[in-house]
Amino acid sequence: MSTNKHDLLIELGTEELPPKALPKLSAAFEKLLTDKLREQQLDFTSSKAFATPRRLAVLIKALDEQQQDQENTRFGPAVQAAFADDGKPTPAAMGFAKSCGVEVEDLSRAEKDGVEKLCYQKTQKGQPTTALLENILVEALAQLPIPKRMRWGSSRAEFVRPVHWLLVLFGDKPVAVSVFDIKSGATTMGHRFMHNEAITISKPDDYESALEDPGKVIADFGKRREQIRELVEAEGSKLSATPMIDDDLLNEVTALVEYPVALTGDFDPRFLEVPPEALILTMKSHQKCFCLTDEKGELIPKFVAVSNLLSKDPQQVVEGNERVIRPRLADASFFFETDKNKTLESRCPDLEKLKFQDKLGSVGAKSARVARLASWIAEQVGGDSQLAARAAKLGKCDLLTNMVGEFAELQGLMGYYYALNDGEPEAVAIALNEQYQPRFAGAPVPETLNGAIVALADKLDTTVGMFGINQPPTGSKDPFALRRSALGILRILIEKELDLDLQASIAYSAEGFAGLNLAEKTSESVFDFMLDRFKAWYADEGIASGVFQSVFVLKPTRPLDFHRRIQAVNSFASLDEAAALAAANKRVSNLLAKQEAGSVSANVDESLLTDAAEKSLFSEVKDCELEVGPLFEAGNYKEGLQQLAKLKDSVDSFFDDVLVMAEDEQLKLNRLALLSRLRKLFLATADISHLHAN
């Protein structure tokens with residue numbers, strides 16, 4: 001049966017919703033509604049979400065007016081078990097008929113799983129969409145990702161914010177539903193200040209335009225977001241300046257206003273003596289303002305604020321923003337000047353009062369461990385051990401400053417500024433900021449060698465310590481972000497091309513926890529954890545699991561070396577010869593695994609080579625050993641494997657023409673020795689037998 005279609009509009013009007021949660025709430029509301037409509041066998045062509053500080057709405061286009069009728073078939077006992085020899089129904093047949101509310105003679109027969117069974121067919125009439133909407137809406141609202149719900153008035157209803165109105169319109173007719181003790185209608189509300197009146201929506205398609213005019217509300221979050229971007233950029237253009245527009249701030253401002261108006265304000269130029277990052281964070285976090293930079297990329301003493309109304313006297317709005325932002329900037333200036341009166345080094349003793357972790361002691365103890373480890377790593381990778389140790393010693397001192405106390409996001413960065421003020425070497429100052437890099441997935445790794453060393457030491461110390469007290473990441477719980485730290489360590493080593501032995505580094509780090517009685521096999525657990533992060537990394541990059549496994553089984557201890565092997569095997573796997581050589585390696589592996597340990601020699605007796613195919617393979621293996629040995633020693637695995645690919649024809653001929661497991665024991669062991677030499681060539685890079693599909 002065909003069904004008519006209409007557009008559906010649902011809008012929930014609320015008090016101001018949490019700005020940072022608004023995009024997520026809006027997306028979830030749309031998804032939950034559309035998923036539940038589909039669950040009810042209701043088709044539609046498209047959906048669109050709307051979100052402002054005071055409303056969540058979804059427009060569903062061309063939604064079925066009614067569910068399709070459904071034919072339901074219930075199967076009962078097999079016909080053979082449903083009737084006795086005299087043809088009378090058995091208790092099984094009568095019980096099934098009773099459960100269906102009919103007589104046995106009203107039942108049908110149909111085949112299922114190759115057996116003829118009794119069945120009952122019933123047509124379930126499709127329900128009107130309007131009859132289903134209330135349950136759909138109630139369920140969707142109950143499942144929204146709201147961490148903390150609130151109650152209001154005398155109602156027992158709970159939601160993220162108090163609900164004031166509900167609009168449900170199907171076609172041109174309002175649908176009567178009730179949620180949160182609010183009865184639905186066909187009206188919405190305009191802007192709280194510029195059009196605080198009810199607006200009747202005659203049909204769903206009118207919603208967006210009616211809210212904008214006369215309602216003074218831009219309902220589309222994306223449209224409002226781009227409008228704000230354009231307005232802020234236009235304000236910057238007036239001053240030949242460039243606004244600093246980051247996505248998080250833009251999203252938050254979009255979630256705070258329904259009708260954006262951009263206005264430019266000023267602040268005292270003397271505040272520019274404060275580190276720009278502190279000024280930017282102050283204006284962003286406290287006033288949600290956009291900072292402006294000149295052609296050199298330097299801050300200018302102006303900002304752009306986005307107001308939520310078109311004021312008759314915009315200058316008053318500007319002055320209000322200036323009045324509020326002034327004391328915030330004065331605080332930042334005071335913190336900066338006060339902090340500079342005390343050197344970072346003088347703060348070191350107070351790090352003993354800061355707890356790093358209950359079982360791992362103070363931040364001071366951690367700093368000492370990191371300094372020890374950083375010095376050792378520097379020696380391994382050609383860095384300056386004294387500079388590395390110095391940076392690690394001072395690394396956490398800015399945690400004790402006023403500025404970082406106010407803005408935790410500035411840790412490391414303020415250490416950089418204070419270190420320069422104290423006259424510390426620039427390499428030390430830069431490392432204080434770079435120690436936290438990469439700060440998030442995809443963020444840049446440290447640019448300097450000293451920064452990379454301190455970042456490695458800091459992350460390794462935390463990881464080893466947490467594993468040592470039996471607190472590794474479990475499931476979704478990772479309070480110390482060890483997975484991110486592990487990936488950061490691997491990225492630093494690979495992107496900075498630091499040929500560091502990770503296993504040795506972990507062991508050296510563990511020795512620094514003397515007296516804390518780390519768990520047994522801590523170092524082994526941390527190393528395995530690191531390699532496991534490699535697996536996730538390569539999976540994200542589309543590297544086949546067989547490629548990863550072929551290197552993983554050898555457990556190279558240097559991540560840079562590990563990475564080069566992966567790249568080489570991945571390239572090798574695309575060669576025409578790869579499949580045959582992988583299969584051959586698998587076959588060789590199986591043959592050698594069946595032999596007693598030590599029974600197969602590493603030497604091949606040329607006098608026992610009787611077949612042309614085995615003589616040819618032996619000759620080529622010897623040549624390859626001379627050619628690829630230096631390549632593998634230099635870490636040039638890609639070229640080495642390409643050279644080994646030339647063995648394919650000889651290997652194929654060997655297995656075609658030569659009986660490896662000969663009756664003559666000497667011949668057999670000699671041929672196995674040859675295959676062992678062949679396999680050893682490949683194992684210098686990876687166990688490519690894992691490339692062979694099972």
# chains A, B, ... in the order shown; residues from 1 in each chain; ligands from 1
>>> select_by_dssp(residues="stretch 136-258 of chain A", states="strand (DSSP E or B)", output="JSON, numbers by chain")
{"A": [150, 159, 163, 164, 165, 166, 167, 168, 169, 170, 173, 174, 178, 179, 182, 183, 185, 187, 188, 189, 198, 199, 200, 242, 243]}
>>> write_last_selection(atoms="C-alpha atoms", output="PDB file, in the first residue's frame")
ATOM      1  CA  MET A 150      18.171  19.149  36.291  1.00  0.00           C
ATOM      2  CA  PHE A 159      16.393  17.696  31.296  1.00  0.00           C
ATOM      3  CA  VAL A 163      11.777  23.373  28.922  1.00  0.00           C
ATOM      4  CA  HIS A 164       9.296  26.157  28.084  1.00  0.00           C
ATOM      5  CA  TRP A 165       7.634  25.206  24.825  1.00  0.00           C
ATOM      6  CA  LEU A 166       7.237  22.367  22.364  1.00  0.00           C
ATOM      7  CA  LEU A 167       6.384  22.634  18.685  1.00  0.00           C
ATOM      8  CA  VAL A 168       5.315  19.537  16.719  1.00  0.00           C
ATOM      9  CA  LEU A 169       4.021  20.107  13.209  1.00  0.00           C
ATOM     10  CA  PHE A 170       3.259  17.367  10.674  1.00  0.00           C
ATOM     11  CA  LYS A 173      -1.294  20.334  11.225  1.00  0.00           C
ATOM     12  CA  PRO A 174       0.039  20.522  14.793  1.00  0.00           C
ATOM     13  CA  SER A 178       3.261  16.026  25.755  1.00  0.00           C
ATOM     14  CA  VAL A 179       6.801  15.891  27.166  1.00  0.00           C
ATOM     15  CA  ILE A 182       4.547  20.633  28.234  1.00  0.00           C
ATOM     16  CA  LYS A 183       1.789  20.265  25.637  1.00  0.00           C
ATOM     17  CA  GLY A 185       1.552  23.448  19.705  1.00  0.00           C
ATOM     18  CA  THR A 187       4.211  28.199  17.913  1.00  0.00           C
ATOM     19  CA  THR A 188       7.827  29.000  18.621  1.00  0.00           C
ATOM     20  CA  MET A 189       9.426  32.000  20.300  1.00  0.00           C
ATOM     21  CA  ALA A 198       5.195  33.782  19.924  1.00  0.00           C
ATOM     22  CA  ILE A 199       5.507  33.012  16.217  1.00  0.00           C
ATOM     23  CA  THR A 200       3.052  30.637  14.583  1.00  0.00           C
ATOM     24  CA  THR A 242      43.654  39.422  10.828  1.00  0.00           C
ATOM     25  CA  PRO A 243      41.323  37.907  13.431  1.00  0.00           C
TER      26      PRO A 243
END
>>> residues_around(residues="A:His690", least_positions_apart="2", cutoff="6 Å", atoms="only C-alpha atoms", output="ChimeraX atom specification")
/A:546,550,688,692
>>> closest_atom_pairs(of="stretch 285-392 of chain A", to="stretch 419-435 of chain A", cutoff="10 Å", atoms="only C-alpha atoms", output="tab-separated table")
residue	atom	partner	partner_atom	distance
A:Lys340	CA	A:Asn421	CA	7.0
A:Asn341	CA	A:Asp422	CA	9.4
A:Lys342	CA	A:Asp422	CA	8.7
A:Thr343	CA	A:Asp422	CA	6.0
A:Leu344	CA	A:Ala419	CA	6.8
A:Glu345	CA	A:Asp422	CA	8.9
A:Asp384	CA	A:Ala427	CA	9.9
A:Gln386	CA	A:Val428	CA	9.8
A:Leu387	CA	A:Val428	CA	6.1
A:Ala388	CA	A:Val428	CA	7.2
A:Ala389	CA	A:Val428	CA	9.1
A:Arg390	CA	A:Val428	CA	6.8
A:Ala391	CA	A:Val428	CA	4.9
A:Ala392	CA	A:Leu432	CA	7.6
>>> closest_residue(among="A:Lys302, A:Lys312, A:His563, A:Arg533", to="A:Thr685", atoms="only C-alpha atoms")
A:His563
>>> residues_around(residues="A:Gln666", least_positions_apart="6", cutoff="10 Å", atoms="only C-alpha atoms", output="JSON list (two decimals) with N, CA and C atoms, in the first residue's frame")
[["chain", "number", "residue", "atom", "x", "y", "z"],
["A", 605, "ASP", "N", 76.56, -28.12, 2.62],
["A", 605, "ASP", "CA", 77.64, -28.91, 2.01],
["A", 605, "ASP", "C", 77.40, -28.94, 0.50],
["A", 608, "LEU", "N", 76.90, -32.10, -1.54],
["A", 608, "LEU", "CA", 75.65, -32.85, -1.45],
["A", 608, "LEU", "C", 74.54, -32.25, -2.32],
["A", 672, "LEU", "N", 67.50, -28.74, 4.04],
["A", 672, "LEU", "CA", 66.90, -27.91, 5.10],
["A", 672, "LEU", "C", 67.86, -26.79, 5.52]]
>>> residues_around(residues="stretch 207-221 of chain A", least_positions_apart="4", cutoff="10 Å", atoms="only C-alpha atoms", output="VMD selection string")
chain A and resid 9 11 22 to 23 26 48 to 57 59 187 to 203 225 to 227 251 254 to 255 257 to 260 308 to 310
